[in-house]
Structure formats: C-alpha cells, structure tokens
Amino acid sequence: MNGGELWTKASNEKKDYHLLSTEELKEIVAALRDFPDTNPFVYREGYELSLLMDDEIKASGMRHMCRVEICRDESDLWSEPTGKILYRYPTVEEAEEVEAFARKKFGSRIACFRTGPELVELQDPMNNKGEGLKKYCESIGMDLKDVIAFGDAENDIEMLKTSGQSVCVKDGMEDVKKICDDITEHDCDDDGVGHYLYDHHLI
C-alpha cells in the first residue's frame, strides 16, 4: 500500500494509515471513467476487486496469491475506504495520459504516479514508503541510517531518500536511478537484490 499499511510479523498486527475515503474513490472513478481501456481495481482484505475481468487482473491475482472478484456494480469500488486504487493500461502512452490528467485534476489532494510503465496508482498524498519505513523503524528501535532500501519505481523514491543507503535495481525507472546511491548489476528477473546483498554485504 505504498507505506499506508504496516504489518508486523511477530504480532501479526496490521495498521492502516490515511485511507482514501468513499467519496474520494467515487470522485476518482468518475473522473477516469471515460478513458479507453479503463479497468480500475482495489485491494480488499484477502482479495482484489476489479471492475472487469481480463488477463492482466488474473495475472495480478496469481502474483499476489489471492483471489480476484468482479464488481457487481461500479459502486463496489467505493463501497469502503481503501489504501489506493489502481489502473493498468495496455500501453505506456495511455498510462502517461491518465497520470498527467489525474495530476492536473486532483492536484495535491490525491497523489497519482506510475509504479510500472503501464500501471497508474492513486492514493492519499500523506502515504509514502518513506513514512512507512520511518514508522517501522520507530516500532523496532532501528536507526534509519542502518537501513538499505531497494526500489525500482516512482512509489519507492521517498523510501529510498529516507534510508541510510539507497539502491535501484538495474531495470528500474530512470528517475529512481538518479536519486540512488547505487544500482544493482543484475535486474529483477535475475535476482538483482539477492546478488547485490551477497556481493556487497554478505561476503
């Protein structure tokens, strides 16, 4: 949830921060409804809820090892507060157009960014992974300077800026590479994070 959800394994406790309200979700869906190829989805407890079923939504459910449900009505998307709403598009150009429109439409009220070339996410601007990392470190008494953070997309930038050392994976976005201390020698599909930790910190 891009820093808006903190789960602690030891206690199996989950805390949510700054959820999008039902009215905000309704406003987002209405604003983006008329873009071609629009298929919004949200996360619910234990499953993904999508407006329509398509191959990308099926694949997303498999990646996250959770079931996918389809809305009975569009209003199901805003029936309860949630951490974020997502839009995946067939092309980079479509995603860029939606991102630009949403940023102009909502301004600073709702954060909008891409977490992949074709994936657009919207959430409360007070949430980011940097704030989530701060909350986690405070809860376990760890100093942020002792943290190594790895990322590849725009939603990782605040976390990377907050951590003591920041590393972008080789196939990450260019904007992320620019703000990092280092870049992995291998990409995500070739275990870039694992190789980096082994080569630089474990031997």
# chains A, B, ... in the order shown; residues from 1 in each chain; ligands from 1
$ residues_around --residues "Ser79 of chain A" --least-positions-apart "6" --cutoff "9 Å" --atoms "only C-alpha atoms" --output "VMD selection string"
chain A and resid 22 25 to 26
$ write_last_selection --atoms "N, CA and C atoms" --output "short mmCIF file (atom, residue, chain, number, x, y, z; two decimals), in the first residue's frame"
data_model
loop_
_atom_site.label_atom_id
_atom_site.label_comp_id
_atom_site.auth_asym_id
_atom_site.auth_seq_id
_atom_site.Cartn_x
_atom_site.Cartn_y
_atom_site.Cartn_z
N THR A 22 -14.58 6.98 0.84
CA THR A 22 -15.52 6.51 -0.19
C THR A 22 -15.82 7.63 -1.19
N LEU A 25 -12.80 7.99 -3.57
CA LEU A 25 -12.78 6.88 -4.53
C LEU A 25 -13.84 7.09 -5.62
N LYS A 26 -15.01 7.51 -5.21
CA LYS A 26 -16.09 7.77 -6.17
C LYS A 26 -15.68 8.87 -7.15
#
$ residues_around --residues "Ser108 of chain A" --least-positions-apart "3" --cutoff "12 Å" --atoms "only C-alpha atoms" --output "list in words"
Ala102, Arg103, Lys104, Lys105, Ala111, Cys112, Leu122, Gln123, Asp124, Pro125 and Met126 of chain A
$ write_last_selection --atoms "all heavy atoms" --output "short mmCIF file (atom, residue, chain, number, x, y, z; two decimals), in the first residue's frame"
data_model
loop_
_atom_site.label_atom_id
_atom_site.label_comp_id
_atom_site.auth_asym_id
_atom_site.auth_seq_id
_atom_site.Cartn_x
_atom_site.Cartn_y
_atom_site.Cartn_z
N ALA A 102 -4.81 13.02 -14.25
CA ALA A 102 -5.16 12.89 -12.83
C ALA A 102 -4.38 13.87 -11.97
O ALA A 102 -4.92 14.46 -11.02
CB ALA A 102 -4.93 11.46 -12.36
N ARG A 103 -3.11 14.07 -12.29
CA ARG A 103 -2.31 15.03 -11.51
C ARG A 103 -2.87 16.44 -11.64
O ARG A 103 -2.91 17.20 -10.67
CB ARG A 103 -0.86 14.98 -11.97
CG ARG A 103 -0.12 13.74 -11.49
CD ARG A 103 1.35 13.81 -11.85
NE ARG A 103 2.09 12.71 -11.23
CZ ARG A 103 3.40 12.58 -11.27
NH1 ARG A 103 4.13 13.48 -11.92
NH2 ARG A 103 4.00 11.56 -10.68
N LYS A 104 -3.30 16.80 -12.85
CA LYS A 104 -3.89 18.12 -13.06
C LYS A 104 -5.26 18.22 -12.40
O LYS A 104 -5.59 19.23 -11.78
CB LYS A 104 -4.00 18.40 -14.55
CG LYS A 104 -4.52 19.79 -14.88
CD LYS A 104 -4.53 20.04 -16.39
CE LYS A 104 -5.05 21.43 -16.71
NZ LYS A 104 -5.05 21.70 -18.17
N LYS A 105 -6.04 17.15 -12.50
CA LYS A 105 -7.40 17.14 -11.97
C LYS A 105 -7.43 17.23 -10.44
O LYS A 105 -8.19 18.01 -9.87
CB LYS A 105 -8.10 15.85 -12.42
CG LYS A 105 -9.45 15.58 -11.79
CD LYS A 105 -10.53 16.44 -12.37
CE LYS A 105 -11.89 16.06 -11.82
NZ LYS A 105 -12.96 16.97 -12.32
N ALA A 111 -2.54 11.89 -4.51
CA ALA A 111 -1.28 11.59 -5.20
C ALA A 111 -1.54 10.62 -6.35
O ALA A 111 -2.30 9.67 -6.21
CB ALA A 111 -0.29 10.99 -4.22
N CYS A 112 -0.88 10.86 -7.48
CA CYS A 112 -1.01 9.99 -8.65
C CYS A 112 0.38 9.76 -9.22
O CYS A 112 1.15 10.70 -9.42
CB CYS A 112 -1.91 10.64 -9.69
SG CYS A 112 -2.06 9.67 -11.21
N LEU A 122 -3.36 5.73 -7.45
CA LEU A 122 -3.80 6.94 -6.78
C LEU A 122 -4.02 6.65 -5.31
O LEU A 122 -4.58 5.61 -4.95
CB LEU A 122 -5.08 7.48 -7.41
CG LEU A 122 -4.97 7.88 -8.88
CD1 LEU A 122 -5.52 6.78 -9.77
CD2 LEU A 122 -5.70 9.19 -9.16
N GLN A 123 -3.58 7.59 -4.44
CA GLN A 123 -3.69 7.37 -3.01
C GLN A 123 -3.65 8.70 -2.27
O GLN A 123 -3.44 9.76 -2.88
CB GLN A 123 -2.55 6.50 -2.51
CG GLN A 123 -1.18 7.16 -2.64
CD GLN A 123 -0.06 6.34 -2.05
OE1 GLN A 123 -0.04 5.13 -2.18
NE2 GLN A 123 0.89 7.00 -1.40
N ASP A 124 -3.81 8.66 -0.95
CA ASP A 124 -3.67 9.84 -0.12
C ASP A 124 -2.21 10.32 -0.18
O ASP A 124 -1.30 9.51 -0.02
CB ASP A 124 -4.06 9.51 1.33
CG ASP A 124 -4.11 10.74 2.21
OD1 ASP A 124 -3.05 11.38 2.41
OD2 ASP A 124 -5.20 11.05 2.71
N PRO A 125 -1.97 11.61 -0.39
CA PRO A 125 -0.59 12.10 -0.51
C PRO A 125 0.22 11.99 0.77
O PRO A 125 1.45 12.08 0.74
CB PRO A 125 -0.77 13.57 -0.92
CG PRO A 125 -2.14 13.93 -0.47
CD PRO A 125 -2.95 12.68 -0.60
N MET A 126 -0.42 11.77 1.92
CA MET A 126 0.32 11.64 3.17
C MET A 126 0.98 10.26 3.29
O MET A 126 1.84 10.05 4.16
CB MET A 126 -0.61 11.88 4.37
CG MET A 126 -1.11 13.31 4.46
SD MET A 126 -2.16 13.59 5.91
CE MET A 126 -0.94 13.47 7.22
#
$ select_by_dssp --residues "chain A" --states "strand (DSSP E)" --output "ChimeraX atom specification"
/A:5-8,13-16,40-44,47-50,67-70,84-88,111-116,119-123,148-151,165-168,182-183
$ atom_distance --atom1 "atom CA of Asn128 of chain A" --atom2 "atom CA of Ser21 of chain A"
17.0 Å
$ residues_around --residues "Asp54 of chain A" --least-positions-apart "4" --cutoff "9 Å" --atoms "only C-alpha atoms" --output "PyMOL selection string"
chain A and resi 39+58-59
$ write_last_selection --atoms "C-alpha atoms" --output "mmCIF file, in the first residue's frame"
data_model
loop_
_atom_site.group_PDB
_atom_site.id
_atom_site.type_symbol
_atom_site.label_atom_id
_atom_site.label_comp_id
_atom_site.auth_asym_id
_atom_site.auth_seq_id
_atom_site.Cartn_x
_atom_site.Cartn_y
_atom_site.Cartn_z
ATOM 1 C CA ASN A 39 -10.364 -1.147 -15.658
ATOM 2 C CA LYS A 58 -5.980 -12.731 -13.498
ATOM 3 C CA ALA A 59 -2.177 -12.479 -13.616
#
$ closest_atom_pairs --of "segment 73-138 of chain A" --to "segment 176-200 of chain A" --cutoff "12 Å" --atoms "only C-alpha atoms" --output "Markdown table"
| residue | atom | partner | partner_atom | distance |
| --- | --- | --- | --- | --- |
| A:Arg114 | CA | A:Val176 | CA | 12.0 |
| A:Thr115 | CA | A:Val176 | CA | 11.0 |
| A:Gly116 | CA | A:Val176 | CA | 11.9 |
$ closest_residue --among "A:Lys129, A:Arg109, A:Lys135, A:His201" --to "Lys161 of chain A" --atoms "only C-alpha atoms"
A:Lys129
$ atom_distance --atom1 "atom CA of Glu158 of chain A" --atom2 "atom CA of Gly130 of chain A"
4.6 Å
$ decode --residues "segment 43-166 of chain A" --atoms "C-alpha atoms" --output "PDB file, in the first residue's frame"
ATOM      1  CA  TYR A  43      -7.444  -4.296  -2.701  1.00  0.00           C
ATOM      2  CA  ARG A  44      -9.792  -5.751  -0.125  1.00  0.00           C
ATOM      3  CA  GLU A  45      -8.940  -7.969   2.823  1.00  0.00           C
ATOM      4  CA  GLY A  46      -7.662 -11.142   1.153  1.00  0.00           C
ATOM      5  CA  TYR A  47      -8.664 -10.395  -2.442  1.00  0.00           C
ATOM      6  CA  GLU A  48      -8.550  -7.963  -5.360  1.00  0.00           C
ATOM      7  CA  LEU A  49     -11.752  -6.305  -6.560  1.00  0.00           C
ATOM      8  CA  SER A  50     -11.792  -5.324 -10.236  1.00  0.00           C
ATOM      9  CA  LEU A  51     -14.384  -3.605 -12.379  1.00  0.00           C
ATOM     10  CA  LEU A  52     -13.816  -6.110 -15.206  1.00  0.00           C
ATOM     11  CA  MET A  53     -12.079  -9.450 -15.601  1.00  0.00           C
ATOM     12  CA  ASP A  54      -9.170  -9.581 -18.032  1.00  0.00           C
ATOM     13  CA  ASP A  55      -5.870 -11.420 -18.407  1.00  0.00           C
ATOM     14  CA  GLU A  56      -3.909  -8.748 -16.518  1.00  0.00           C
ATOM     15  CA  ILE A  57      -6.208  -8.933 -13.498  1.00  0.00           C
ATOM     16  CA  LYS A  58      -5.980 -12.731 -13.498  1.00  0.00           C
ATOM     17  CA  ALA A  59      -2.177 -12.479 -13.616  1.00  0.00           C
ATOM     18  CA  SER A  60      -2.183  -9.913 -10.792  1.00  0.00           C
ATOM     19  CA  GLY A  61      -4.175 -12.263  -8.573  1.00  0.00           C
ATOM     20  CA  MET A  62      -1.727 -15.064  -9.273  1.00  0.00           C
ATOM     21  CA  ARG A  63       1.281 -12.848  -8.487  1.00  0.00           C
ATOM     22  CA  HIS A  64      -0.224 -11.794  -5.177  1.00  0.00           C
ATOM     23  CA  MET A  65      -1.568 -15.295  -4.436  1.00  0.00           C
ATOM     24  CA  CYS A  66      -5.071 -14.016  -3.790  1.00  0.00           C
ATOM     25  CA  ARG A  67      -8.438 -14.420  -5.426  1.00  0.00           C
ATOM     26  CA  VAL A  68      -9.921 -11.842  -7.781  1.00  0.00           C
ATOM     27  CA  GLU A  69     -13.545 -10.771  -7.612  1.00  0.00           C
ATOM     28  CA  ILE A  70     -15.510  -8.724 -10.122  1.00  0.00           C
ATOM     29  CA  CYS A  71     -17.753  -5.816  -9.152  1.00  0.00           C
ATOM     30  CA  ARG A  72     -21.479  -6.450  -9.201  1.00  0.00           C
ATOM     31  CA  ASP A  73     -21.760  -2.707  -9.779  1.00  0.00           C
ATOM     32  CA  GLU A  74     -19.207   0.068 -10.293  1.00  0.00           C
ATOM     33  CA  SER A  75     -20.134   1.462  -6.869  1.00  0.00           C
ATOM     34  CA  ASP A  76     -18.497  -1.585  -5.244  1.00  0.00           C
ATOM     35  CA  LEU A  77     -15.170   0.154  -5.926  1.00  0.00           C
ATOM     36  CA  TRP A  78     -16.039   2.950  -3.492  1.00  0.00           C
ATOM     37  CA  SER A  79     -18.172   0.992  -1.033  1.00  0.00           C
ATOM     38  CA  GLU A  80     -15.498   1.204   1.682  1.00  0.00           C
ATOM     39  CA  PRO A  81     -12.286   3.177   2.300  1.00  0.00           C
ATOM     40  CA  THR A  82      -9.086   1.657   0.951  1.00  0.00           C
ATOM     41  CA  GLY A  83      -5.393   2.461   0.673  1.00  0.00           C
ATOM     42  CA  LYS A  84      -5.228   3.033  -3.069  1.00  0.00           C
ATOM     43  CA  ILE A  85      -6.946   2.484  -6.404  1.00  0.00           C
ATOM     44  CA  LEU A  86      -5.058   1.197  -9.435  1.00  0.00           C
ATOM     45  CA  TYR A  87      -5.424   1.441 -13.224  1.00  0.00           C
ATOM     46  CA  ARG A  88      -3.468  -0.764 -15.634  1.00  0.00           C
ATOM     47  CA  TYR A  89      -3.384   0.181 -19.331  1.00  0.00           C
ATOM     48  CA  PRO A  90      -2.318  -1.674 -22.497  1.00  0.00           C
ATOM     49  CA  THR A  91       0.280   0.949 -23.474  1.00  0.00           C
ATOM     50  CA  VAL A  92       2.734   3.303 -21.795  1.00  0.00           C
ATOM     51  CA  GLU A  93       1.234   6.212 -23.712  1.00  0.00           C
ATOM     52  CA  GLU A  94      -2.240   5.609 -22.277  1.00  0.00           C
ATOM     53  CA  ALA A  95      -0.865   5.335 -18.749  1.00  0.00           C
ATOM     54  CA  GLU A  96       1.099   8.572 -19.174  1.00  0.00           C
ATOM     55  CA  GLU A  97      -2.025  10.356 -20.428  1.00  0.00           C
ATOM     56  CA  VAL A  98      -4.095   9.195 -17.457  1.00  0.00           C
ATOM     57  CA  GLU A  99      -1.311  10.091 -15.000  1.00  0.00           C
ATOM     58  CA  ALA A 100      -0.986  13.613 -16.435  1.00  0.00           C
ATOM     59  CA  PHE A 101      -4.755  14.134 -16.416  1.00  0.00           C
ATOM     60  CA  ALA A 102      -5.161  12.891 -12.831  1.00  0.00           C
ATOM     61  CA  ARG A 103      -2.311  15.027 -11.510  1.00  0.00           C
ATOM     62  CA  LYS A 104      -3.888  18.124 -13.055  1.00  0.00           C
ATOM     63  CA  LYS A 105      -7.403  17.138 -11.967  1.00  0.00           C
ATOM     64  CA  PHE A 106      -6.666  16.339  -8.326  1.00  0.00           C
ATOM     65  CA  GLY A 107      -3.608  18.489  -7.675  1.00  0.00           C
ATOM     66  CA  SER A 108      -2.158  17.972  -4.202  1.00  0.00           C
ATOM     67  CA  ARG A 109      -5.370  16.416  -2.799  1.00  0.00           C
ATOM     68  CA  ILE A 110      -4.702  12.959  -4.246  1.00  0.00           C
ATOM     69  CA  ALA A 111      -1.284  11.591  -5.201  1.00  0.00           C
ATOM     70  CA  CYS A 112      -1.011   9.994  -8.649  1.00  0.00           C
ATOM     71  CA  PHE A 113       2.032   8.170 -10.021  1.00  0.00           C
ATOM     72  CA  ARG A 114       3.075   5.163 -12.077  1.00  0.00           C
ATOM     73  CA  THR A 115       4.590   2.110 -10.400  1.00  0.00           C
ATOM     74  CA  GLY A 116       5.256   0.442 -13.736  1.00  0.00           C
ATOM     75  CA  PRO A 117       5.235   1.665 -17.328  1.00  0.00           C
ATOM     76  CA  GLU A 118       1.511   0.860 -17.747  1.00  0.00           C
ATOM     77  CA  LEU A 119       0.293   0.967 -14.116  1.00  0.00           C
ATOM     78  CA  VAL A 120      -1.161   4.118 -12.530  1.00  0.00           C
ATOM     79  CA  GLU A 121      -1.905   4.343  -8.797  1.00  0.00           C
ATOM     80  CA  LEU A 122      -3.795   6.944  -6.781  1.00  0.00           C
ATOM     81  CA  GLN A 123      -3.693   7.372  -3.006  1.00  0.00           C
ATOM     82  CA  ASP A 124      -3.668   9.844  -0.123  1.00  0.00           C
ATOM     83  CA  PRO A 125      -0.590  12.102  -0.509  1.00  0.00           C
ATOM     84  CA  MET A 126       0.315  11.635   3.172  1.00  0.00           C
ATOM     85  CA  ASN A 127       1.179   7.999   2.446  1.00  0.00           C
ATOM     86  CA  ASN A 128       4.515   7.019   1.015  1.00  0.00           C
ATOM     87  CA  LYS A 129       7.025   4.259   1.630  1.00  0.00           C
ATOM     88  CA  GLY A 130       9.385   6.675   3.352  1.00  0.00           C
ATOM     89  CA  GLU A 131       6.795   7.367   6.054  1.00  0.00           C
ATOM     90  CA  GLY A 132       6.069   3.646   6.295  1.00  0.00           C
ATOM     91  CA  LEU A 133       9.775   2.935   6.769  1.00  0.00           C
ATOM     92  CA  LYS A 134      10.008   5.582   9.500  1.00  0.00           C
ATOM     93  CA  LYS A 135       7.050   4.061  11.358  1.00  0.00           C
ATOM     94  CA  TYR A 136       8.549   0.579  11.084  1.00  0.00           C
ATOM     95  CA  CYS A 137      11.985   1.654  12.312  1.00  0.00           C
ATOM     96  CA  GLU A 138      10.441   3.540  15.229  1.00  0.00           C
ATOM     97  CA  SER A 139       8.459   0.432  16.207  1.00  0.00           C
ATOM     98  CA  ILE A 140      11.581  -1.768  16.412  1.00  0.00           C
ATOM     99  CA  GLY A 141      14.066   0.857  17.591  1.00  0.00           C
ATOM    100  CA  MET A 142      16.215   0.878  14.448  1.00  0.00           C
ATOM    101  CA  ASP A 143      18.099   3.915  13.189  1.00  0.00           C
ATOM    102  CA  LEU A 144      17.259   4.833   9.588  1.00  0.00           C
ATOM    103  CA  LYS A 145      20.962   5.201   8.785  1.00  0.00           C
ATOM    104  CA  ASP A 146      21.297   1.431   9.277  1.00  0.00           C
ATOM    105  CA  VAL A 147      18.707   0.639   6.589  1.00  0.00           C
ATOM    106  CA  ILE A 148      19.412  -0.364   2.984  1.00  0.00           C
ATOM    107  CA  ALA A 149      16.399   0.193   0.732  1.00  0.00           C
ATOM    108  CA  PHE A 150      15.931  -1.283  -2.733  1.00  0.00           C
ATOM    109  CA  GLY A 151      13.461   0.068  -5.270  1.00  0.00           C
ATOM    110  CA  ASP A 152      12.622   0.385  -8.940  1.00  0.00           C
ATOM    111  CA  ALA A 153       9.588   2.668  -9.352  1.00  0.00           C
ATOM    112  CA  GLU A 154       8.308   6.156  -8.526  1.00  0.00           C
ATOM    113  CA  ASN A 155       6.496   4.968  -5.405  1.00  0.00           C
ATOM    114  CA  ASP A 156       9.866   3.877  -3.944  1.00  0.00           C
ATOM    115  CA  ILE A 157      11.537   7.288  -4.139  1.00  0.00           C
ATOM    116  CA  GLU A 158      10.569   8.601  -0.692  1.00  0.00           C
ATOM    117  CA  MET A 159      11.684   5.330   0.914  1.00  0.00           C
ATOM    118  CA  LEU A 160      14.994   5.472  -0.932  1.00  0.00           C
ATOM    119  CA  LYS A 161      15.552   9.075   0.179  1.00  0.00           C
ATOM    120  CA  THR A 162      14.733   8.155   3.788  1.00  0.00           C
ATOM    121  CA  SER A 163      17.006   5.129   4.145  1.00  0.00           C
ATOM    122  CA  GLY A 164      20.692   5.207   5.038  1.00  0.00           C
ATOM    123  CA  GLN A 165      21.642   3.598   1.710  1.00  0.00           C
ATOM    124  CA  SER A 166      19.536   3.516  -1.454  1.00  0.00           C
TER     125      SER A 166
END
